[in-house]
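Engineer: Below is run-v4.tsv; it holds TSV, C-alpha atoms (C1' of nucleotides).
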```
chain	number	residue	atom	x	y	z
A	228	MET	CA	210.75	-136.05	231.96
A	229	PRO	CA	208.46	-133.18	232.75
A	230	VAL	CA	205.71	-134.30	235.08
A	231	GLN	CA	204.31	-137.65	236.08
A	232	HIS	CA	200.60	-137.22	235.60
A	233	SER	CA	199.65	-138.22	232.10
A	234	ALA	CA	195.93	-138.65	231.77
A	235	SER	CA	195.26	-139.16	235.47
A	236	LEU	CA	192.17	-141.28	234.94
A	237	ALA	CA	192.19	-144.47	232.94
A	238	VAL	CA	189.67	-143.82	230.20
A	239	PRO	CA	189.87	-146.57	227.61
A	240	ALA	CA	187.20	-145.25	225.25
A	241	ALA	CA	185.17	-142.15	224.58
A	242	GLN	CA	182.52	-141.30	227.13
A	243	PRO	CA	179.07	-139.92	226.41
A	244	ARG	CA	178.75	-136.15	226.42
A	245	GLY	CA	175.94	-133.69	226.63
A	246	ASP	CA	172.82	-134.84	228.38
A	247	GLN	CA	174.11	-138.42	228.36
A	248	CYS	CA	176.89	-137.52	230.77
A	249	PRO	CA	175.92	-137.86	234.42
A	250	ILE	CA	178.29	-135.06	235.38
A	251	ASP	CA	176.51	-132.76	232.98
A	252	ARG	CA	173.15	-133.89	234.29
A	253	THR	CA	174.17	-133.22	237.85
A	254	LEU	CA	175.33	-129.79	236.81
A	255	GLY	CA	171.89	-129.20	235.41
A	256	VAL	CA	170.65	-129.46	238.98
A	257	VAL	CA	173.39	-127.92	241.09
A	258	GLY	CA	175.54	-126.36	238.38
A	259	SER	CA	174.86	-122.77	239.30
A	260	ARG	CA	176.34	-120.73	242.04
A	261	PRO	CA	173.08	-119.93	243.85
A	262	ALA	CA	172.05	-123.58	243.81
A	263	LEU	CA	175.29	-124.74	245.39
A	264	LEU	CA	175.20	-121.97	247.94
A	265	LEU	CA	171.64	-122.83	248.89
A	266	LEU	CA	172.88	-126.33	249.40
A	267	ARG	CA	175.65	-125.01	251.60
A	268	GLU	CA	173.08	-123.20	253.72
A	269	ALA	CA	170.99	-126.34	253.95
A	270	PHE	CA	174.01	-128.26	255.21
A	271	TYR	CA	174.70	-125.51	257.69
A	272	GLY	CA	171.23	-126.14	259.01
A	273	ALA	CA	169.10	-123.43	257.37
A	274	ARG	CA	165.55	-124.51	256.64
A	275	ARG	CA	163.47	-121.41	256.33
A	276	PHE	CA	163.17	-119.49	253.10
A	277	ASP	CA	164.49	-116.29	254.59
A	278	ASP	CA	167.53	-117.89	256.16
A	279	LEU	CA	168.40	-119.71	252.97
A	280	ALA	CA	167.99	-116.63	250.78
A	281	ARG	CA	169.78	-114.36	253.22
A	282	GLY	CA	172.68	-116.73	253.62
A	283	VAL	CA	173.24	-116.94	249.91
A	284	GLY	CA	172.85	-113.24	249.40
A	285	VAL	CA	170.52	-113.33	246.42
A	286	SER	CA	167.17	-111.73	245.86
A	287	ASP	CA	163.98	-113.46	246.90
A	288	ALA	CA	163.04	-114.11	243.32
A	289	VAL	CA	166.23	-116.01	242.58
A	290	ALA	CA	166.09	-117.92	245.82
A	291	ALA	CA	162.49	-118.96	245.18
A	292	GLN	CA	163.33	-120.03	241.64
A	293	ARG	CA	166.36	-122.09	242.59
A	294	LEU	CA	164.65	-123.65	245.57
A	295	LYS	CA	161.82	-124.72	243.33
A	296	GLU	CA	164.32	-126.36	240.99
A	297	LEU	CA	166.10	-128.11	243.82
A	298	VAL	CA	162.79	-129.45	245.10
A	299	ALA	CA	161.88	-130.61	241.60
A	300	ALA	CA	165.23	-132.34	241.31
A	301	GLY	CA	164.63	-134.16	244.57
A	302	VAL	CA	167.47	-132.53	246.47
A	303	LEU	CA	165.24	-130.68	248.89
A	304	GLU	CA	161.78	-131.35	250.20
A	305	LYS	CA	159.24	-128.80	251.27
A	306	GLU	CA	157.63	-129.78	254.53
A	307	PRO	CA	155.06	-128.05	256.66
A	308	TYR	CA	155.99	-127.28	260.22
A	309	GLN	CA	154.64	-125.18	263.02
A	310	GLU	CA	156.43	-123.35	265.75
A	311	PRO	CA	154.38	-122.91	268.91
A	312	GLY	CA	152.30	-119.78	268.68
A	313	GLN	CA	153.08	-119.40	265.02
A	314	ARG	CA	151.16	-120.23	261.92
A	315	THR	CA	151.97	-123.17	259.70
A	316	ARG	CA	155.07	-122.65	257.61
A	317	HIS	CA	157.05	-124.65	255.14
A	318	GLU	CA	160.66	-125.58	255.53
A	319	TYR	CA	163.15	-126.99	253.09
A	320	VAL	CA	164.90	-130.13	254.22
A	321	LEU	CA	167.56	-132.15	252.48
A	322	THR	CA	166.35	-135.42	251.05
A	323	GLU	CA	168.43	-138.56	251.01
A	324	ALA	CA	169.67	-137.52	247.57
A	325	GLY	CA	170.46	-134.07	248.90
A	326	HIS	CA	172.56	-135.48	251.70
A	327	GLU	CA	174.54	-137.42	249.15
A	328	LEU	CA	175.82	-134.19	247.71
A	329	LEU	CA	177.76	-133.48	250.88
A	330	PRO	CA	181.04	-134.88	249.51
A	331	VAL	CA	180.80	-132.46	246.62
A	332	VAL	CA	180.19	-129.48	248.88
A	333	LEU	CA	182.94	-130.46	251.28
A	334	GLY	CA	185.21	-131.07	248.32
A	335	LEU	CA	184.67	-127.51	247.19
A	336	LEU	CA	185.26	-126.34	250.75
A	337	ALA	CA	188.50	-128.25	251.13
A	338	TRP	CA	189.80	-127.09	247.77
A	339	GLY	CA	188.95	-123.48	248.48
A	340	GLU	CA	190.71	-123.64	251.81
A	341	ARG	CA	193.83	-124.97	250.21
A	342	HIS	CA	193.96	-123.16	246.90
A	343	ALA	CA	191.74	-120.12	246.88
A	344	ALA	CA	193.77	-117.78	248.99
A	345	GLY	CA	192.84	-114.34	250.15
A	346	ALA	CA	190.16	-114.93	252.72
A	347	ARG	CA	190.80	-113.53	256.15
A	348	THR	CA	188.93	-116.40	257.73
A	349	SER	CA	189.20	-120.11	257.23
A	350	ILE	CA	186.49	-122.70	257.57
A	351	THR	CA	187.49	-126.15	258.66
A	352	ALA	CA	185.54	-129.39	258.58
A	353	SER	CA	186.82	-131.68	261.28
A	354	HIS	CA	185.92	-135.03	262.76
A	355	ALA	CA	183.88	-134.49	265.91
A	356	ASP	CA	185.42	-137.58	267.51
A	357	CYS	CA	189.11	-137.00	266.94
A	358	GLY	CA	189.38	-133.44	265.71
A	359	ALA	CA	191.28	-134.29	262.54
A	360	PRO	CA	190.31	-132.43	259.37
A	361	VAL	CA	187.78	-134.10	257.10
A	362	GLU	CA	187.90	-134.32	253.33
A	363	PRO	CA	186.34	-136.44	250.63
A	364	VAL	CA	188.68	-139.25	249.60
A	365	LEU	CA	188.30	-141.68	246.73
A	366	MET	CA	187.41	-145.14	247.93
A	367	CYS	CA	186.05	-148.22	246.25
A	368	ALA	CA	183.22	-150.35	247.58
A	369	GLU	CA	185.78	-152.88	248.80
A	370	GLY	CA	187.17	-150.28	251.14
A	371	HIS	CA	190.43	-149.54	249.33
A	372	ARG	CA	191.74	-146.07	249.07
A	373	VAL	CA	192.02	-145.45	245.33
A	374	ALA	CA	194.73	-143.38	243.69
A	375	GLU	CA	193.90	-141.23	240.74
A	376	ASP	CA	195.48	-143.43	238.09
A	377	ASP	CA	193.71	-146.49	239.48
A	378	VAL	CA	190.33	-145.06	238.63
A	379	LEU	CA	188.93	-146.75	235.55
A	380	VAL	CA	186.13	-144.93	233.77
A	381	THR	CA	183.86	-146.99	231.55
A	382	ALA	CA	180.55	-146.45	229.82
A	383	ALA	CA	177.80	-149.02	229.44
A	384	ARG	CA	174.43	-149.10	227.80
A	385	ARG	CA	171.72	-149.10	230.40
A	386	GLN	CA	169.05	-151.83	230.33
A	387	PRO	CA	169.76	-153.35	226.92
A	388	ALA	CA	166.24	-154.73	226.33
A	389	ARG	CA	163.13	-155.23	228.48
A	390	GLN	CA	161.26	-152.20	227.25
A	391	SER	CA	158.02	-154.05	228.07
A	392	ALA	CA	154.71	-152.31	228.58
A	393	ARG	CA	154.56	-150.71	231.90
B	129	MET	CA	161.41	-135.24	267.38
B	130	PRO	CA	160.30	-135.14	263.76
B	131	VAL	CA	162.90	-136.50	261.41
B	132	GLN	CA	166.32	-137.91	262.08
B	133	HIS	CA	168.46	-135.60	260.02
B	134	SER	CA	168.30	-132.27	261.77
B	135	ALA	CA	171.14	-130.08	260.60
B	136	SER	CA	173.29	-132.88	259.23
B	137	LEU	CA	176.51	-130.99	259.88
B	138	ALA	CA	177.46	-129.73	263.30
B	139	VAL	CA	177.76	-125.99	262.84
B	140	PRO	CA	178.09	-124.31	266.22
B	141	ALA	CA	178.29	-120.73	264.99
B	142	ALA	CA	177.70	-118.67	261.87
B	143	GLN	CA	180.15	-119.15	259.05
B	144	PRO	CA	181.53	-116.44	256.81
B	145	ARG	CA	179.64	-115.83	253.59
B	146	GLY	CA	180.33	-114.13	250.32
B	147	ASP	CA	183.94	-113.94	249.29
B	148	GLN	CA	185.03	-115.07	252.73
B	149	CYS	CA	183.55	-118.50	252.18
B	150	PRO	CA	185.93	-120.98	250.58
B	151	ILE	CA	183.06	-122.78	248.88
B	152	ASP	CA	182.05	-119.55	247.25
B	153	ARG	CA	185.63	-118.84	246.25
B	154	THR	CA	185.99	-122.24	244.67
B	155	LEU	CA	182.78	-121.66	242.78
B	156	GLY	CA	184.34	-118.49	241.45
B	157	VAL	CA	186.83	-120.75	239.69
B	158	VAL	CA	184.86	-123.84	238.72
B	159	GLY	CA	181.35	-122.66	239.46
B	160	SER	CA	180.19	-122.60	235.88
B	161	ARG	CA	179.10	-125.42	233.71
B	162	PRO	CA	181.71	-124.96	230.97
B	163	ALA	CA	184.51	-124.79	233.53
B	164	LEU	CA	183.51	-128.03	235.19
B	165	LEU	CA	183.05	-129.75	231.85
B	166	LEU	CA	186.47	-128.61	230.70
B	167	LEU	CA	187.79	-130.13	233.86
B	168	ARG	CA	185.98	-133.35	233.04
B	169	GLU	CA	187.65	-133.40	229.66
B	170	ALA	CA	191.01	-132.78	231.25
B	171	PHE	CA	190.48	-135.73	233.57
B	172	TYR	CA	189.45	-137.83	230.60
B	173	GLY	CA	192.83	-137.00	229.14
B	174	ALA	CA	192.14	-134.15	226.73
B	175	ARG	CA	194.96	-131.67	226.44
B	176	ARG	CA	194.57	-129.85	223.17
B	177	PHE	CA	192.36	-126.84	222.79
B	178	ASP	CA	190.23	-128.41	220.12
B	179	ASP	CA	189.61	-131.61	222.02
B	180	LEU	CA	188.71	-129.72	225.17
B	181	ALA	CA	186.37	-127.35	223.38
B	182	ARG	CA	184.79	-130.06	221.26
B	183	GLY	CA	184.24	-132.34	224.23
B	184	VAL	CA	182.43	-129.65	226.15
B	185	GLY	CA	180.41	-128.56	223.17
B	186	VAL	CA	180.89	-124.84	223.50
B	187	SER	CA	182.15	-122.29	221.03
B	188	ASP	CA	185.84	-121.52	220.72
B	189	ALA	CA	185.37	-118.16	222.33
B	190	VAL	CA	183.88	-119.59	225.48
B	191	ALA	CA	186.42	-122.38	225.68
B	192	ALA	CA	189.28	-119.93	225.31
B	193	GLN	CA	187.85	-117.65	227.95
B	194	ARG	CA	187.21	-120.40	230.49
B	195	LEU	CA	190.57	-122.04	229.85
B	196	LYS	CA	192.25	-118.72	230.47
B	197	GLU	CA	190.43	-118.44	233.78
B	198	LEU	CA	191.32	-121.96	234.78
B	199	VAL	CA	194.96	-121.28	233.99
B	200	ALA	CA	194.83	-118.05	235.97
B	201	ALA	CA	193.29	-119.92	238.91
B	202	GLY	CA	196.10	-122.46	238.82
B	203	VAL	CA	193.94	-125.42	237.89
B	204	LEU	CA	195.47	-125.89	234.48
B	205	GLU	CA	198.87	-125.10	233.07
B	206	LYS	CA	199.68	-124.22	229.52
B	207	GLU	CA	202.73	-126.07	228.32
B	208	PRO	CA	204.46	-126.14	224.98
B	209	TYR	CA	204.82	-129.48	223.29
B	210	GLN	CA	205.77	-130.74	219.89
B	211	GLU	CA	204.60	-133.76	217.99
B	212	PRO	CA	207.10	-135.12	215.49
B	213	GLY	CA	206.71	-133.36	212.18
B	214	GLN	CA	204.45	-130.76	213.73
B	215	ARG	CA	205.03	-127.25	214.85
B	216	THR	CA	205.17	-126.27	218.48
B	217	ARG	CA	201.80	-126.26	220.19
B	218	HIS	CA	200.50	-125.63	223.65
B	219	GLU	CA	198.61	-128.10	225.72
B	220	TYR	CA	196.62	-127.71	228.89
B	221	VAL	CA	197.61	-130.00	231.72
B	222	LEU	CA	196.14	-130.31	235.17
B	223	THR	CA	198.26	-128.87	237.91
B	224	GLU	CA	198.54	-130.37	241.35
B	225	ALA	CA	195.66	-128.14	242.41
B	226	GLY	CA	193.69	-129.26	239.39
B	227	HIS	CA	194.14	-132.90	240.27
B	228	GLU	CA	192.78	-132.17	243.72
B	229	LEU	CA	189.43	-131.34	242.18
B	230	LEU	CA	188.96	-134.94	241.12
B	231	PRO	CA	186.85	-135.85	244.17
B	232	VAL	CA	184.45	-133.07	243.27
B	233	VAL	CA	184.14	-134.21	239.67
B	234	LEU	CA	183.71	-137.86	240.64
B	235	GLY	CA	181.22	-136.78	243.27
B	236	LEU	CA	179.13	-135.14	240.59
B	237	LEU	CA	179.52	-138.23	238.44
B	238	ALA	CA	178.44	-140.60	241.19
B	239	TRP	CA	175.48	-138.46	242.14
B	240	GLY	CA	174.34	-138.13	238.55
B	241	GLU	CA	174.53	-141.85	238.07
B	242	ARG	CA	172.40	-142.47	241.10
B	243	HIS	CA	169.92	-139.64	241.02
B	244	ALA	CA	169.78	-137.98	237.62
B	245	ALA	CA	167.86	-140.58	235.71
B	246	GLY	CA	167.04	-140.60	232.03
B	247	ALA	CA	170.35	-141.26	230.38
B	248	ARG	CA	170.52	-144.29	228.16
B	249	THR	CA	174.13	-144.89	229.07
B	250	SER	CA	175.85	-145.04	232.42
B	251	ILE	CA	179.39	-144.08	233.25
B	252	THR	CA	181.08	-145.94	236.04
B	253	ALA	CA	184.27	-145.16	237.89
B	254	SER	CA	185.77	-148.35	239.21
B	255	HIS	CA	188.91	-149.43	240.99
B	256	ALA	CA	191.35	-150.80	238.42
B	257	ASP	CA	192.68	-153.32	240.93
B	258	CYS	CA	189.49	-154.88	242.23
B	259	GLY	CA	186.78	-153.61	239.92
B	260	ALA	CA	184.59	-152.21	242.68
B	261	PRO	CA	182.91	-148.86	242.05
B	262	VAL	CA	184.72	-145.76	243.25
B	263	GLU	CA	183.21	-142.76	245.00
B	264	PRO	CA	184.40	-139.93	247.19
B	265	VAL	CA	183.89	-140.74	250.86
B	266	LEU	CA	184.37	-138.49	253.85
B	267	MET	CA	187.45	-139.37	255.82
B	268	CYS	CA	189.45	-137.58	258.45
B	269	ALA	CA	193.21	-137.31	258.47
B	270	GLU	CA	193.35	-140.04	261.10
B	271	GLY	CA	191.84	-142.45	258.62
B	272	HIS	CA	188.36	-142.73	260.10
B	273	ARG	CA	185.34	-142.84	257.90
B	274	VAL	CA	183.26	-139.88	259.03
B	275	ALA	CA	179.47	-139.84	259.12
B	276	GLU	CA	177.62	-136.71	258.22
B	277	ASP	CA	176.66	-135.68	261.75
B	278	ASP	CA	180.21	-136.19	262.93
B	279	VAL	CA	181.47	-133.40	260.72
B	280	LEU	CA	182.15	-130.31	262.76
B	281	VAL	CA	182.38	-127.06	260.83
B	282	THR	CA	184.22	-124.20	262.48
B	283	ALA	CA	185.55	-120.86	261.38
B	284	ALA	CA	188.79	-119.29	262.49
B	285	ARG	CA	190.46	-116.02	261.87
B	286	ARG	CA	193.52	-116.49	259.74
B	287	GLN	CA	196.73	-114.99	261.07
B	288	PRO	CA	195.28	-113.79	264.39
B	289	ALA	CA	197.53	-110.79	264.99
B	290	ARG	CA	200.09	-109.04	262.81
B	291	GLN	CA	197.61	-106.42	261.71
B	292	SER	CA	200.55	-104.03	261.35
B	293	ALA	CA	200.55	-100.93	259.20
B	294	ARG	CA	198.48	-101.42	256.17
C	99	DA	C1'	207.87	-117.48	200.01
C	100	DC	C1'	203.26	-119.30	200.45
C	101	DG	C1'	199.73	-121.72	202.11
C	102	DC	C1'	197.61	-124.59	205.48
C	103	DT	C1'	196.21	-125.75	210.06
C	104	DG	C1'	195.45	-125.33	214.88
C	105	DA	C1'	194.66	-121.99	218.15
C	106	DC	C1'	192.83	-118.38	219.37
C	107	DT	C1'	190.45	-113.19	219.15
C	108	DT	C1'	186.97	-110.03	217.64
C	109	DT	C1'	182.44	-108.48	216.50
C	110	DG	C1'	177.55	-108.38	216.61
C	111	DG	C1'	173.28	-110.01	218.05
C	112	DC	C1'	170.60	-112.47	221.33
C	113	DT	C1'	168.94	-114.76	225.57
C	114	DA	C1'	169.17	-116.22	230.35
C	115	DG	C1'	169.56	-114.75	234.57
C	116	DG	C1'	170.30	-111.15	238.02
C	117	DC	C1'	168.54	-107.13	240.96
C	118	DA	C1'	165.13	-103.89	242.99
C	119	DT	C1'	160.75	-102.68	243.86
C	120	DA	C1'	156.26	-103.58	244.52
C	121	DG	C1'	152.38	-106.43	245.02
C	122	DC	C1'	149.92	-110.64	246.70
C	123	DC	C1'	148.46	-114.29	249.84
C	124	DA	C1'	147.78	-117.23	254.01
C	125	DG	C1'	146.67	-117.46	258.59
C	126	DG	C1'	147.35	-116.79	263.68
C	127	DA	C1'	147.19	-112.59	266.86
C	128	DG	C1'	144.55	-109.07	268.53
D	245	DC	C1'	137.51	-108.99	260.89
D	246	DT	C1'	141.50	-106.68	260.31
D	247	DC	C1'	146.48	-106.41	260.88
D	248	DC	C1'	150.90	-108.18	260.45
D	249	DT	C1'	154.53	-111.14	258.94
D	250	DG	C1'	156.85	-114.58	256.31
D	251	DG	C1'	156.94	-116.32	251.94
D	252	DC	C1'	156.60	-115.95	247.64
D	253	DT	C1'	155.20	-113.73	242.60
D	254	DA	C1'	155.30	-110.04	239.09
D	255	DT	C1'	157.43	-106.27	236.51
D	256	DG	C1'	161.03	-103.69	234.41
D	257	DC	C1'	165.54	-102.91	233.64
D	258	DC	C1'	170.45	-104.33	232.99
D	259	DT	C1'	174.47	-107.18	232.64
D	260	DA	C1'	176.94	-111.43	231.71
D	261	DG	C1'	177.42	-115.00	228.87
D	262	DC	C1'	176.58	-117.57	224.67
D	263	DC	C1'	176.84	-118.49	219.63
D	264	DA	C1'	178.18	-117.90	214.87
D	265	DA	C1'	181.07	-116.07	211.68
D	266	DA	C1'	184.95	-113.85	210.39
D	267	DG	C1'	189.59	-112.31	211.24
D	268	DT	C1'	194.40	-112.98	213.07
D	269	DC	C1'	198.68	-115.26	213.87
D	270	DA	C1'	202.50	-118.58	214.20
D	271	DG	C1'	205.27	-121.75	212.06
D	272	DC	C1'	206.06	-126.29	209.52
D	273	DG	C1'	205.85	-128.35	204.84
D	274	DT	C1'	206.61	-127.69	200.28
```
Could the structure of this file be written out as structure tokens, please?

Structural biologist:
Amino acid sequence: MPVQHSASLAVPAAQPRGDQCPIDRTLGVVGSRPALLLLREAFYGARRFDDLARGVGVSDAVAAQRLKELVAAGVLEKEPYQEPGQRTRHEYVLTEAGHELLPVVLGLLAWGERHAAGARTSITASHADCGAPVEPVLMCAEGHRVAEDDVLVTAARRQPARQSAR
Amino acid sequence: MPVQHSASLAVPAAQPRGDQCPIDRTLGVVGSRPALLLLREAFYGARRFDDLARGVGVSDAVAAQRLKELVAAGVLEKEPYQEPGQRTRHEYVLTEAGHELLPVVLGLLAWGERHAAGARTSITASHADCGAPVEPVLMCAEGHRVAEDDVLVTAARRQPARQSAR
DNA sequence: ACGCTGACTTTGGCTAGGCATAGCCAGGAG
DNA sequence: CTCCTGGCTATGCCTAGCCAAAGTCAGCGT
């Protein structure tokens, strides 16, 4: 017997692909390196264009382009603000939807810490209350911790009928 | 005090960027669309080259290239297998490290379901035992559910001393 | 021994996306 | 009213990545 993991997830039937797959759709929004890194900066607290662009290390043009896409996708919001003695500026803040991408970002962080060796520094996410390291863990709405092979993936047609006039 | 969510994460000091950031390093491995989609296929149970490539919808060349990278990064392993009456083949199986990317993939899935509208079908990950929907949730090693502002992000130098002869 | 099939590899052409540099614009400071 | 600064926008070049199509290769079946 070689290894235990067969198909990991329980996938009884074929799932939709292409633009019908929510994973693919999400990747259309945050599927590029600059986009994810901008998100990282936003989670680190950056709000101003310069800080975001600088932190990611891309040119202004790319930063502007990606930020525009993230705003269009509803991940970030552009809001006016004013520092005392300064003119009105705009800052980029995470929306509710943006905040919900935190598990993904921290998942990448945790994986990189564990498996992408070579960095001379390590970044740790820990629980402010107890100091223990934090990671995304699979849980169901009932509050059970879910193992990989207990995850059942199913597809369903959305809104069968009711295509009434708006 | 304008909005409630200020910096979401608690980040007391600057974090390393570029290739010193584990998020960035992880993106170097799975930071492209085809790579993530190949991973999706692997989680769905695909193991053969053709199935993986077909499921992602890219050309053979791209699939081969990305698979090679994923193998090199230790996410997939190439193993020989033999179906009865068939010649020896190789299949791609998720390694331990590969399996640990599941929270990221399911995070993308969950987010897409909730925020990337437009698909006519929905994919749901549910708990096989109780049927409730499954999502990645932030938890610390002590077992506490961690809220966003209770996540403390800190950097540390790896291997403090031992900077002996190079 | 030959052919077929699955699994790649190679080649050539094309497009998206990146960078650098420079230019533009708004608006408080002076 | 002009200057200055942060925040973009525009231009030109250059590379990475993609696709399609064709070629290669291993080895079981006949």

Engineer: Could you give me, as a PyMOL selection string, the residues within 8 Å of Phe177 of chain B, counting all atoms listed in the file and dropping anything in the same chain fewer than 2 positions from it?

Structural biologist: (chain B and resi 175+179-181+191-192+219-220) or (chain C and resi 105)

Engineer: Those same residues - C-alpha atoms (C1' of nucleotides) - I'd like them written as a PDB file, keeping the file's coordinate frame.

Structural biologist:
```
ATOM      1  CA  ARG B 175     194.960-131.670 226.440  1.00  0.00           C
ATOM      2  CA  ASP B 179     189.610-131.610 222.020  1.00  0.00           C
ATOM      3  CA  LEU B 180     188.710-129.720 225.170  1.00  0.00           C
ATOM      4  CA  ALA B 181     186.370-127.350 223.380  1.00  0.00           C
ATOM      5  CA  ALA B 191     186.420-122.380 225.680  1.00  0.00           C
ATOM      6  CA  ALA B 192     189.280-119.930 225.310  1.00  0.00           C
ATOM      7  CA  GLU B 219     198.610-128.100 225.720  1.00  0.00           C
ATOM      8  CA  TYR B 220     196.620-127.710 228.890  1.00  0.00           C
TER       9      TYR B 220
ATOM     10  C1'  DA C 105     194.660-121.990 218.150  1.00  0.00           C
TER      11       DA C 105
END
```

Engineer: Within 9 Å of Gly245 of chain A, counting only C-alpha atoms (C1' of nucleotides), which residues qualify if same-chain residues fewer than 2 places away don't, as an MDAnalysis selection string?

Structural biologist: (chainID A and resid 243 247:249 251:252) or (chainID B and resid 183:185)

Engineer: Return the neighbours of chain C among the residues of chain B, cut-off 9 Å, counting only C-alpha atoms (C1' of nucleotides), as a PyMOL selection string.

Structural biologist: chain B and resi 177-178+188-189+192+217-218

Engineer: Using atom CA of His326 of chain A and atom CA of Val380 of chain A as the two end points, give the distance in Å to one decimal.

Structural biologist: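 Taking atom CA of His326 of chain A and atom CA of Val380 of chain A, their separation equals 24.4 Å.
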
Engineer: Can you work out which one of A:Gly325, A:Pro307, A:Pro261, A:Pro363 has the shortest atom-to-atom distance to chain B, counting only C-alpha atoms?

Structural biologist: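 So, comparing all the options, the nearest one is A:Pro363.
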
Engineer: Output as a ChimeraX atom specification the set of chain B residues within 9 Å of chain D, with distances taken over only C-alpha atoms (C1' of nucleotides).

Structural biologist: /B:186-187,189-190,213-216

Engineer: Store the residues picked out above, limited to C-alpha atoms, as an mmCIF file, keeping the file's coordinate frame.

Structural biologist:
```cif
data_model
loop_
_atom_site.group_PDB
_atom_site.id
_atom_site.type_symbol
_atom_site.label_atom_id
_atom_site.label_comp_id
_atom_site.auth_asym_id
_atom_site.auth_seq_id
_atom_site.Cartn_x
_atom_site.Cartn_y
_atom_site.Cartn_z
ATOM 1 C CA VAL B 186 180.890 -124.840 223.500
ATOM 2 C CA SER B 187 182.150 -122.290 221.030
ATOM 3 C CA ALA B 189 185.370 -118.160 222.330
ATOM 4 C CA VAL B 190 183.880 -119.590 225.480
ATOM 5 C CA GLY B 213 206.710 -133.360 212.180
ATOM 6 C CA GLN B 214 204.450 -130.760 213.730
ATOM 7 C CA ARG B 215 205.030 -127.250 214.850
ATOM 8 C CA THR B 216 205.170 -126.270 218.480
#
```

Engineer: Go ahead and compute the interatomic distance for atom CA of Leu204 of chain B and atom CA of Leu329 of chain A, in Å to one decimal.

Structural biologist: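 Taking atom CA of Leu204 of chain B and atom CA of Leu329 of chain A, their separation equals 25.3 Å.
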
Engineer: Grab the atom CA of Trp239 of chain B to atom CA of Leu328 of chain A distance for me, in Å with one decimal place.

Structural biologist: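 Separation between atom CA of Trp239 of chain B and atom CA of Leu328 of chain A: 7.0 Å.
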
Engineer: Determine the nearest neighbour of chain B from the options A:Ala240, A:Leu333, A:Val364, A:Ala344, counting all atoms listed in the file.

Structural biologist: A:Val364

Engineer: Between A:Pro330, A:Gly345, A:Gly255, A:Gly370, which residue has the minimum interatomic distance to Ala300 of chain A, considering all atoms listed in the file?

Structural biologist: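 Between A:Pro330, A:Gly345, A:Gly255, A:Gly370, the residue approaching Ala300 of chain A most closely is A:Gly255.
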
Engineer: B:Pro140, B:Gly202, B:Pro212, B:Gly173: which is nearest chain A, counting all atoms listed in the file?

Structural biologist: B:Gly173

Engineer: Of the residues B:Ala275, B:Ala238, B:Ala170, B:Ile251, which is the one nearest to chain A, using all atoms listed in the file?

Structural biologist: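 That would be B:Ile251, the residue with the smallest distance to chain A.
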
Engineer: Pick from B:Leu222, B:Val157, B:Val233, B:Cys268: nearest to chain A, with only C-alpha atoms counted?

Structural biologist: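 Among the listed residues, the smallest separation from chain A belongs to B:Cys268.
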